[in-house]
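Coordinates as given in target_37.txt (compact mmCIF, C-alpha atoms):
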```txt
# COMPACT_ATOMS: atom_id res chain seq x y z
CA MET A 1 -183.66 -107.66 -65.12
CA SER A 2 -180.34 -106.82 -66.81
CA LYS A 3 -178.49 -109.17 -69.12
CA ILE A 4 -175.92 -109.81 -66.40
CA ASP A 5 -178.65 -110.70 -63.90
CA GLU A 6 -180.13 -113.07 -66.47
CA LEU A 7 -176.75 -114.69 -67.11
CA ILE A 8 -176.05 -115.11 -63.41
CA ALA A 9 -179.52 -116.55 -62.83
CA GLU A 10 -178.94 -118.98 -65.69
CA LEU A 11 -175.28 -119.90 -65.26
CA CYS A 12 -174.54 -119.55 -61.53
CA PRO A 13 -177.84 -119.31 -59.61
CA GLU A 14 -176.27 -120.67 -56.41
CA GLY A 15 -173.47 -118.11 -56.37
CA VAL A 16 -170.03 -117.45 -57.84
CA PRO A 17 -167.01 -119.53 -56.79
CA ILE A 18 -164.10 -117.79 -55.07
CA LYS A 19 -160.76 -119.15 -56.21
CA ALA A 20 -157.08 -118.52 -55.58
CA LEU A 21 -155.27 -117.00 -58.55
CA LYS A 22 -153.04 -120.07 -58.79
CA LYS A 23 -156.16 -122.09 -59.71
CA VAL A 24 -157.04 -119.85 -62.67
CA CYS A 25 -153.68 -118.47 -63.87
CA LEU A 26 -151.25 -120.45 -66.01
CA ASP A 27 -148.16 -118.56 -64.89
CA PHE A 28 -146.83 -115.90 -62.53
CA ILE A 29 -143.90 -114.09 -64.15
CA VAL A 30 -141.50 -112.39 -61.74
CA PRO A 31 -138.89 -110.20 -63.51
CA MET A 32 -135.19 -110.31 -62.75
CA ARG A 33 -133.94 -107.73 -60.26
CA ASP A 34 -130.83 -106.92 -62.29
CA ARG A 35 -131.16 -104.08 -64.78
CA PRO A 36 -129.70 -104.93 -68.19
CA SER A 37 -126.56 -102.93 -68.98
CA ASP A 38 -127.49 -102.74 -72.68
CA LEU A 39 -130.93 -101.22 -73.25
CA THR A 40 -130.67 -100.54 -76.98
CA GLY A 41 -132.50 -103.67 -78.16
CA ALA A 42 -135.85 -104.03 -79.92
CA ILE A 43 -137.90 -105.79 -77.20
CA PRO A 44 -139.32 -103.06 -74.89
CA TRP A 45 -137.98 -102.82 -71.35
CA CYS A 46 -140.71 -101.00 -69.45
CA ARG A 47 -141.25 -99.19 -66.19
CA ILE A 48 -144.36 -97.96 -64.37
CA GLU A 49 -144.28 -94.65 -66.26
CA ASP A 50 -144.83 -96.59 -69.50
CA VAL A 51 -148.36 -97.61 -68.52
CA MET A 52 -150.86 -95.88 -70.82
CA GLY A 53 -154.36 -96.14 -69.39
CA GLN A 54 -154.99 -99.86 -69.05
CA THR A 55 -152.29 -101.04 -71.45
CA ILE A 56 -148.53 -101.17 -71.73
CA GLY A 57 -146.67 -102.01 -74.91
CA SER A 58 -143.62 -99.81 -75.35
CA SER A 59 -140.99 -97.80 -73.52
CA LYS A 60 -141.50 -94.04 -73.71
CA ALA A 61 -137.75 -93.65 -73.22
CA GLY A 62 -137.02 -96.08 -76.06
CA LEU A 63 -135.44 -98.66 -73.76
CA GLY A 64 -135.26 -102.24 -75.01
CA VAL A 65 -133.29 -105.48 -74.85
CA SER A 66 -131.98 -107.81 -77.52
CA PRO A 67 -132.62 -111.58 -77.80
CA ALA A 68 -128.95 -112.08 -76.89
CA THR A 69 -129.36 -110.13 -73.64
CA ILE A 70 -132.56 -112.05 -72.83
CA LYS A 71 -130.72 -115.34 -73.27
CA GLU A 72 -127.62 -114.23 -71.40
CA MET A 73 -129.54 -112.88 -68.37
CA ASN A 74 -132.40 -115.40 -68.54
CA LEU A 75 -134.88 -112.51 -68.60
CA LYS A 76 -138.61 -113.18 -68.40
CA VAL A 77 -140.66 -111.95 -71.36
CA TYR A 78 -144.35 -111.23 -70.78
CA PRO A 79 -146.50 -112.55 -73.64
CA ILE A 80 -149.23 -110.37 -75.18
CA GLY A 81 -152.31 -110.28 -72.94
CA THR A 82 -150.44 -110.67 -69.65
CA VAL A 83 -151.99 -108.74 -66.75
CA LEU A 84 -149.30 -106.71 -64.97
CA ALA A 85 -149.74 -105.66 -61.36
CA THR A 86 -147.37 -103.50 -59.36
CA CYS A 87 -145.97 -105.59 -56.53
CA SER A 88 -143.44 -103.13 -55.11
CA ALA A 89 -143.38 -99.47 -54.06
CA SER A 90 -146.41 -97.94 -55.86
CA LEU A 91 -149.12 -100.56 -55.40
CA GLY A 92 -152.34 -100.18 -57.38
CA THR A 93 -151.22 -99.87 -61.00
CA TYR A 94 -152.49 -102.53 -63.42
CA ALA A 95 -152.18 -102.93 -67.18
CA ILE A 96 -152.39 -105.52 -69.97
CA THR A 97 -149.43 -106.04 -72.29
CA SER A 98 -150.14 -105.21 -75.93
CA ALA A 99 -146.75 -106.51 -77.10
CA PRO A 100 -144.12 -108.95 -75.80
CA LEU A 101 -142.02 -106.98 -73.31
CA ILE A 102 -139.88 -107.06 -70.18
CA THR A 103 -140.19 -104.90 -67.07
CA ASN A 104 -138.19 -104.05 -64.00
CA GLN A 105 -139.06 -105.64 -60.66
CA THR A 106 -141.92 -103.20 -60.00
CA PHE A 107 -144.36 -105.64 -61.66
CA ILE A 108 -145.49 -109.22 -61.55
CA GLY A 109 -147.14 -110.74 -64.62
CA LEU A 110 -150.31 -112.85 -64.39
CA VAL A 111 -151.04 -115.10 -67.36
CA CYS A 112 -154.71 -116.09 -67.36
CA GLY A 113 -155.95 -119.65 -67.96
CA ASP A 114 -159.10 -120.79 -69.75
CA GLU A 115 -161.41 -119.85 -66.85
CA LEU A 116 -160.30 -116.25 -66.56
CA PHE A 117 -160.65 -113.33 -69.02
CA ASN A 118 -157.66 -111.02 -68.64
CA ARG A 119 -159.69 -107.80 -68.73
CA PHE A 120 -162.01 -109.18 -66.06
CA LEU A 121 -158.96 -109.86 -63.88
CA LEU A 122 -157.74 -106.32 -64.52
CA TYR A 123 -160.99 -104.83 -63.22
CA VAL A 124 -161.06 -107.18 -60.22
CA LEU A 125 -157.53 -106.14 -59.29
CA GLU A 126 -158.49 -102.47 -59.56
CA ILE A 127 -160.99 -102.87 -56.73
CA SER A 128 -158.63 -105.12 -54.74
CA THR A 129 -155.71 -102.77 -54.10
CA ALA A 130 -156.56 -102.32 -50.42
CA ARG A 131 -156.73 -106.11 -49.93
CA LEU A 132 -153.43 -106.56 -51.77
CA ALA A 133 -151.79 -103.90 -49.61
CA LYS A 134 -152.83 -105.82 -46.49
CA VAL A 135 -150.93 -108.91 -47.64
CA SER A 136 -147.76 -106.96 -48.54
CA ASN A 137 -144.75 -107.09 -46.27
CA SER A 138 -144.50 -104.56 -43.46
CA GLY A 139 -141.15 -103.05 -44.50
CA THR A 140 -140.41 -99.47 -45.51
CA ILE A 141 -141.19 -100.28 -49.16
CA PRO A 142 -144.27 -102.52 -49.55
CA TYR A 143 -143.75 -105.74 -51.50
CA ILE A 144 -146.17 -108.50 -52.47
CA SER A 145 -144.50 -111.84 -53.13
CA ARG A 146 -145.39 -114.28 -55.88
CA LYS A 147 -146.77 -116.65 -53.23
CA LYS A 148 -149.15 -113.96 -51.96
CA PHE A 149 -150.44 -113.40 -55.49
CA GLU A 150 -150.85 -117.13 -56.02
CA GLU A 151 -152.99 -117.39 -52.89
CA PHE A 152 -154.98 -114.21 -53.54
CA LEU A 153 -158.72 -114.94 -53.76
CA ILE A 154 -160.98 -113.52 -56.49
CA PRO A 155 -164.54 -114.25 -57.73
CA VAL A 156 -164.58 -116.35 -60.90
CA PRO A 157 -168.01 -116.29 -62.58
CA PRO A 158 -168.53 -118.10 -65.90
CA LEU A 159 -166.64 -116.54 -68.83
CA GLU A 160 -169.87 -115.33 -70.43
CA VAL A 161 -170.60 -113.30 -67.29
CA GLN A 162 -167.03 -112.00 -67.15
CA ARG A 163 -167.16 -110.79 -70.76
CA GLU A 164 -170.51 -109.04 -70.29
CA ILE A 165 -169.21 -107.21 -67.21
CA VAL A 166 -166.06 -106.20 -69.07
CA SER A 167 -168.15 -104.92 -71.99
CA ILE A 168 -170.05 -102.58 -69.66
CA LEU A 169 -166.96 -101.39 -67.77
CA ASP A 170 -165.07 -100.80 -71.00
CA LYS A 171 -167.84 -98.45 -72.12
CA PHE A 172 -167.56 -96.49 -68.86
CA THR A 173 -163.78 -96.32 -69.29
CA GLN A 174 -164.14 -95.08 -72.87
CA LEU A 175 -166.68 -92.42 -71.87
CA GLU A 176 -164.37 -91.21 -69.11
CA ALA A 177 -161.44 -91.00 -71.54
CA GLU A 178 -163.56 -89.11 -74.08
CA LEU A 179 -164.73 -86.63 -71.44
CA GLU A 180 -161.18 -86.02 -70.29
CA ALA A 181 -159.98 -85.51 -73.87
CA GLU A 182 -162.88 -83.14 -74.60
CA LEU A 183 -162.22 -81.02 -71.53
CA GLU A 184 -158.48 -80.97 -72.18
CA ALA A 185 -159.11 -79.80 -75.76
CA GLU A 186 -161.35 -76.99 -74.50
CA LEU A 187 -158.73 -76.00 -71.95
CA GLU A 188 -156.01 -75.94 -74.61
CA ALA A 189 -158.22 -73.79 -76.86
CA ARG A 190 -158.75 -71.30 -74.03
CA ARG A 191 -155.03 -71.24 -73.24
CA SER A 192 -154.19 -70.56 -76.88
CA GLN A 193 -156.75 -67.74 -77.09
CA TYR A 194 -155.46 -66.24 -73.84
CA GLU A 195 -151.83 -66.33 -75.01
CA HIS A 196 -152.74 -64.86 -78.42
CA THR A 197 -154.64 -61.97 -76.81
CA ARG A 198 -151.91 -61.41 -74.21
CA ASP A 199 -149.21 -61.24 -76.88
CA GLN A 200 -151.33 -58.80 -78.93
CA LEU A 201 -151.90 -56.52 -75.93
CA LEU A 202 -148.24 -56.50 -74.88
CA ASP A 203 -146.81 -55.92 -78.36
CA PHE A 204 -146.09 -52.22 -78.82
CA SER A 205 -143.62 -52.58 -81.68
CA GLY A 206 -144.18 -51.65 -85.31
CA ASP A 207 -147.48 -50.25 -86.59
CA LEU A 208 -149.86 -49.81 -83.63
CA SER A 209 -152.90 -49.02 -85.79
CA SER A 210 -154.15 -52.60 -85.32
CA HIS A 211 -153.37 -52.78 -81.59
CA PRO A 212 -156.48 -53.62 -79.49
CA MET A 213 -155.87 -50.41 -77.47
CA ARG A 214 -154.82 -48.16 -80.37
CA GLU A 215 -157.16 -45.31 -79.36
CA LEU A 216 -155.74 -45.04 -75.83
CA ILE A 217 -152.21 -45.36 -77.20
CA ALA A 218 -152.84 -42.56 -79.71
CA GLU A 219 -154.22 -40.36 -76.93
CA LEU A 220 -151.72 -41.09 -74.13
CA CYS A 221 -148.50 -41.97 -75.91
CA PRO A 222 -148.66 -40.88 -79.55
CA GLU A 223 -144.87 -41.12 -79.87
CA GLY A 224 -144.95 -44.82 -78.97
CA VAL A 225 -144.10 -46.91 -75.92
CA ARG A 226 -140.56 -46.79 -74.53
CA ALA A 227 -138.57 -49.75 -73.26
CA HIS A 228 -136.99 -49.59 -69.79
CA GLU A 229 -134.52 -51.87 -68.04
CA LEU A 230 -136.34 -53.88 -65.38
CA GLY A 231 -133.85 -52.81 -62.71
CA LYS A 232 -134.62 -49.13 -63.44
CA VAL A 233 -138.37 -49.45 -62.81
CA ALA A 234 -138.50 -52.17 -60.13
CA SER A 235 -136.54 -53.42 -57.13
CA ILE A 236 -134.98 -56.85 -57.61
CA LYS A 237 -133.95 -58.87 -54.56
CA ILE A 238 -132.69 -62.40 -54.17
CA GLY A 239 -134.43 -64.45 -51.49
CA GLU A 240 -132.83 -65.94 -48.38
CA PHE A 241 -131.66 -69.47 -47.70
CA VAL A 242 -134.02 -71.59 -45.58
CA LYS A 243 -132.87 -75.01 -44.38
CA LYS A 244 -135.42 -77.73 -45.09
CA THR A 245 -134.96 -78.93 -41.51
CA LYS A 246 -136.35 -75.61 -40.31
CA GLN A 247 -139.42 -75.76 -42.53
CA ASP A 248 -142.67 -76.74 -40.87
CA PRO A 249 -145.82 -77.86 -42.78
CA ASN A 250 -147.92 -76.21 -40.05
CA ALA A 251 -146.16 -72.84 -40.30
CA GLU A 252 -147.89 -69.78 -41.72
CA PHE A 253 -145.74 -68.63 -44.62
CA ALA A 254 -145.24 -70.60 -47.84
CA VAL A 255 -141.68 -70.90 -49.13
CA TYR A 256 -141.21 -70.05 -52.81
CA ASN A 257 -137.83 -70.93 -54.24
CA GLY A 258 -136.57 -72.25 -57.61
CA GLY A 259 -139.51 -74.36 -58.72
CA THR A 260 -143.02 -73.84 -60.03
CA THR A 261 -144.72 -74.62 -56.70
CA GLU A 262 -144.29 -73.93 -53.00
CA THR A 263 -141.51 -76.00 -51.44
CA GLY A 264 -142.57 -75.88 -47.80
CA PHE A 265 -143.60 -73.52 -45.02
CA TYR A 266 -141.70 -71.34 -42.57
CA GLU A 267 -142.72 -69.42 -39.48
CA ALA A 268 -140.37 -66.47 -39.85
CA PHE A 269 -141.29 -63.87 -42.47
CA ASN A 270 -139.06 -61.71 -44.69
CA SER A 271 -141.65 -59.10 -45.76
CA MET A 272 -142.52 -60.40 -49.21
CA GLU A 273 -146.01 -59.95 -50.67
CA ASP A 274 -147.77 -58.62 -53.77
CA SER A 275 -144.66 -59.46 -55.78
CA VAL A 276 -143.49 -61.02 -59.02
CA VAL A 277 -141.09 -63.92 -58.56
CA ILE A 278 -138.63 -65.28 -61.14
CA SER A 279 -136.93 -68.65 -60.60
CA ALA A 280 -133.16 -68.33 -60.78
CA ARG A 281 -132.43 -72.06 -60.52
CA GLY A 282 -134.43 -75.22 -61.05
CA SER A 283 -137.29 -74.08 -63.32
CA ILE A 284 -135.13 -71.22 -64.62
CA GLY A 285 -137.13 -68.23 -65.85
CA PHE A 286 -140.48 -69.40 -64.48
CA VAL A 287 -142.53 -66.34 -63.49
CA ASN A 288 -145.17 -66.25 -60.79
CA TYR A 289 -147.27 -63.60 -59.06
CA LEU A 290 -147.69 -63.97 -55.29
CA PRO A 291 -150.27 -61.61 -53.76
CA LYS A 292 -150.07 -63.04 -50.22
CA LYS A 293 -147.20 -62.88 -47.76
CA PHE A 294 -144.56 -65.51 -48.47
CA TRP A 295 -140.97 -66.46 -47.72
CA ALA A 296 -138.63 -66.14 -50.70
CA GLY A 297 -135.83 -68.71 -50.91
CA ASN A 298 -132.39 -67.96 -52.35
CA SER A 299 -133.14 -69.54 -55.75
CA CYS A 300 -135.52 -66.83 -56.89
CA TYR A 301 -135.71 -63.11 -57.50
CA VAL A 302 -138.47 -60.97 -55.99
CA ILE A 303 -139.59 -58.10 -58.24
CA ARG A 304 -141.61 -55.10 -57.01
CA PRO A 305 -142.34 -51.74 -58.74
CA GLU A 306 -140.23 -48.77 -57.60
CA SER A 307 -142.91 -46.17 -58.37
CA ASP A 308 -146.67 -45.75 -58.59
CA ASP A 309 -146.34 -45.50 -62.38
CA VAL A 310 -145.76 -49.24 -62.67
CA ASP A 311 -148.54 -51.79 -62.00
CA VAL A 312 -147.22 -54.99 -60.40
CA LYS A 313 -149.70 -57.18 -62.27
CA TYR A 314 -148.66 -55.56 -65.57
CA LEU A 315 -145.06 -56.47 -64.71
CA TYR A 316 -146.21 -60.03 -64.04
CA PHE A 317 -148.08 -60.44 -67.34
CA THR A 318 -145.18 -58.90 -69.28
CA LEU A 319 -142.54 -61.11 -67.64
CA LYS A 320 -144.78 -64.18 -67.85
CA SER A 321 -144.98 -63.73 -71.60
CA SER A 322 -141.16 -63.53 -71.65
CA GLU A 323 -140.33 -66.80 -69.85
CA ARG A 324 -138.53 -68.24 -72.88
CA GLN A 325 -136.37 -65.14 -73.25
CA LEU A 326 -135.51 -65.22 -69.53
CA PHE A 327 -134.58 -68.91 -69.78
CA ALA A 328 -132.32 -68.13 -72.74
CA LEU A 329 -130.35 -65.67 -70.55
CA ARG A 330 -129.22 -68.40 -68.13
CA ALA A 331 -125.54 -69.02 -67.47
CA VAL A 332 -124.79 -72.58 -68.57
CA GLY A 333 -121.33 -73.07 -67.07
CA GLY A 334 -121.37 -75.34 -64.01
CA ILE A 335 -124.86 -75.36 -62.42
CA PRO A 336 -127.24 -73.49 -64.79
CA ALA A 337 -128.65 -70.33 -63.24
CA LEU A 338 -130.22 -67.01 -64.15
CA ASN A 339 -127.83 -64.35 -62.86
CA LEU A 340 -128.88 -60.98 -61.49
CA GLY A 341 -127.22 -58.88 -64.22
CA PRO A 342 -129.40 -60.07 -67.13
CA VAL A 343 -132.52 -59.75 -64.97
CA ARG A 344 -131.69 -56.14 -64.11
CA THR A 345 -131.13 -55.17 -67.75
CA PHE A 346 -134.10 -57.12 -69.12
CA PRO A 347 -136.15 -54.73 -71.32
CA ILE A 348 -139.72 -53.93 -70.29
CA LEU A 349 -142.15 -51.92 -72.46
CA LEU A 350 -144.03 -49.54 -70.17
CA PRO A 351 -147.07 -47.71 -71.52
CA PRO A 352 -148.84 -45.16 -69.29
CA LEU A 353 -150.41 -46.53 -66.11
CA GLU A 354 -153.96 -46.24 -67.49
CA ILE A 355 -153.06 -48.55 -70.38
CA GLN A 356 -151.24 -50.93 -68.05
CA ARG A 357 -154.30 -51.26 -65.84
CA GLU A 358 -156.65 -51.73 -68.79
CA ILE A 359 -154.42 -54.54 -70.10
CA VAL A 360 -154.33 -56.14 -66.64
CA SER A 361 -158.13 -55.98 -66.41
CA ILE A 362 -158.56 -57.77 -69.75
CA LEU A 363 -155.95 -60.43 -69.00
CA GLU A 364 -157.29 -61.13 -65.53
CA LYS A 365 -160.71 -61.89 -67.01
CA LEU A 366 -159.21 -64.22 -69.62
CA ASP A 367 -156.99 -65.80 -66.97
CA ALA A 368 -160.09 -66.49 -64.87
CA LEU A 369 -161.76 -68.26 -67.81
CA VAL A 370 -158.76 -70.57 -68.16
CA ASN A 371 -158.51 -71.19 -64.42
CA ASP A 372 -162.24 -71.89 -64.09
CA LEU A 373 -161.86 -74.77 -66.52
CA THR A 374 -158.55 -75.85 -64.99
CA PHE A 375 -160.16 -76.19 -61.57
CA GLY A 376 -163.41 -77.58 -62.98
CA LEU A 377 -161.65 -80.20 -65.09
CA PRO A 378 -160.51 -82.41 -62.18
CA SER A 379 -163.83 -82.09 -60.36
CA GLU A 380 -165.91 -83.12 -63.38
CA ILE A 381 -163.59 -86.03 -64.13
CA ALA A 382 -163.63 -87.01 -60.45
CA ALA A 383 -167.44 -87.03 -60.43
CA ARG A 384 -167.52 -89.25 -63.54
CA ARG A 385 -164.86 -91.53 -62.00
CA LYS A 386 -166.84 -91.82 -58.76
CA GLN A 387 -169.90 -92.90 -60.73
CA TYR A 388 -167.79 -95.39 -62.66
CA GLU A 389 -166.28 -96.83 -59.47
CA TYR A 390 -169.72 -97.26 -57.95
CA TYR A 391 -170.97 -99.34 -60.90
CA ARG A 392 -167.69 -101.21 -61.21
CA ASN A 393 -167.80 -102.25 -57.55
CA LYS A 394 -171.45 -103.24 -57.87
CA LEU A 395 -170.82 -105.29 -61.01
CA LEU A 396 -167.89 -107.10 -59.41
CA THR A 397 -169.69 -108.00 -56.19
CA PHE A 398 -171.26 -111.46 -56.29
CA LYS A 399 -173.10 -113.84 -54.07
CA GLU A 400 -170.46 -116.38 -53.07
CA LEU A 401 -170.98 -120.03 -53.84
CA GLU A 402 -171.06 -121.93 -50.58
CA ALA A 403 -168.59 -124.78 -50.28
CA ALA A 404 -170.13 -128.23 -50.63
```
Structure rendered as structure tokens:
Amino acid sequence: MSKIDELIAELCPEGVPIKALKKVCLDFIVPMRDRPSDLTGAIPWCRIEDVMGQTIGSSKAGLGVSPATIKEMNLKVYPIGTVLATCSASLGTYAITSAPLITNQTFIGLVCGDELFNRFLLYVLEISTARLAKVSNSGTIPYISRKKFEEFLIPVPPLEVQREIVSILDKFTQLEAELEAELEAELEARRSQYEHTRDQLLDFSGDLSSHPMRELIAELCPEGVRAHELGKVASIKIGEFVKKTKQDPNAEFAVYNGGTTETGFYEAFNSMEDSVVISARGSIGFVNYLPKKFWAGNSCYVIRPESDDVDVKYLYFTLKSSERQLFALRAVGGIPALNLGPVRTFPILLPPLEIQREIVSILEKLDALVNDLTFGLPSEIAARRKQYEYYRNKLLTFKELEAA
């Protein structure tokens, strides 16, 4: 028998009472809807993006209000230890305040009374999002009123039981955070190694005696590696405009435009595949390689080799390593954009094809090592989170005390 089972058997053998939040909370703090005009004060004014794990205590954007503004607008300040719950738009985010602060109307603040441990309430709310969503209004943007929170029912075991449950769940949460940090550190180490090796392989300037492929270079291009303008060794085409209203999520061809990801799908096809793409607007200078057929929008350039002496993947790795230089070439007047002229004249170092392909082979293997961890990272974290959720739900499920 676990310590929790022993505590329940000792302290609430007949079951755990179910109570409305208004019976166990001292206050329900609903923020003002008006946004302060002056946000240069010292008391944090927070939004949902300021939640860090299970806490919130500062504004990442440095937003804050002064005591004068609080008095003038009659703003509600959450005391330390208040449990915040999203009550509008993005339901399901919960945090505990680590400093006195104010929020926008996304949150409601729950101040616990003597019967309720705030971290226990936090965990109970985490498993109650679906129930909370059911009591929200039925409008376009969901909203849960103060009255609905006041009437919301939760189990309230004795404080000793609450604290023991929280102790166990906190350990799970800490282990999950440590695993995520460990995997992220490994991923960053692999990225750094990949970028270092890539930059070494693609650097043909200066003394090449320490180049990883110095023997091949000495054999195939003893005079060194020449630079060529990109437009002289590859075709460069701007994509075509596709109205969003014509895009269909069930269509076959992905639309690539000015961002780092696909922006939609289109049924028609403009003969683009096995190409390098450079964003001309939006994420200016971002470079991608698209092996499959795709539709190119009019905010990107499609690059393809003009001859068999140029490997398309070598072009990709070279341009990918030059994203900062491409971004620096943008025109900044009006709407920032990367114009065609600088792309055409962008210098590309082109060693013989055999060296290009050897470099591509090495970088593809390193790229796979990074991607393996990138794809494995979410799955491993998801598996740990699923285990955590199972135990959390089990720990927070009680035999209900029958009404007398």
Show me as a VMD selection string the residues that reach within 12 Å of (-152.7, -55.2, -64.5), counting only C-alpha atoms and using the file's own coordinates.
chain A and resid 198 201 to 202 289 309 to 318 350 to 365 367
Find, counting all atoms listed in the file, the residue in A:Val277, A:Val225, A:Leu396, A:Ala9 that gets nearest to Tyr123 of chain A.
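Among the listed residues, A:Leu396 lies closest to Tyr123 of chain A.
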Could you state the separation of atom CA of Glu72 of chain A and atom CA of Glu49 of chain A in Å, given to one decimal place?
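Atom-to-atom, atom CA of Glu72 of chain A to atom CA of Glu49 of chain A, that is 26.2 Å.
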A:Glu151, A:Ile102, A:Leu319, A:Ile18 ranked by distance to Gly41 of chain A, top pick (using only C-alpha atoms)
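Residue with the minimum atom-to-atom distance to Gly41 of chain A: A:Ile102.
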Excluding same-chain residues fewer than 5 positions from segment 103-112 of chain A, what lies within 10 Å of it counting only C-alpha atoms, as a ChimeraX atom specification?
/A:21-36,44-48,50,59,64,75-91,93-97,117-119,121-122,143-146,149-150
Can you pull out every residue within 10 Å of Thr261 of chain A, counting all atoms listed in the file, but drop anything in the same chain fewer than 5 positions away, and send it as a list in words?
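These residues fall inside the cut-off: Ala254, Val255, Tyr256, Ser283 and Asn288 of chain A.
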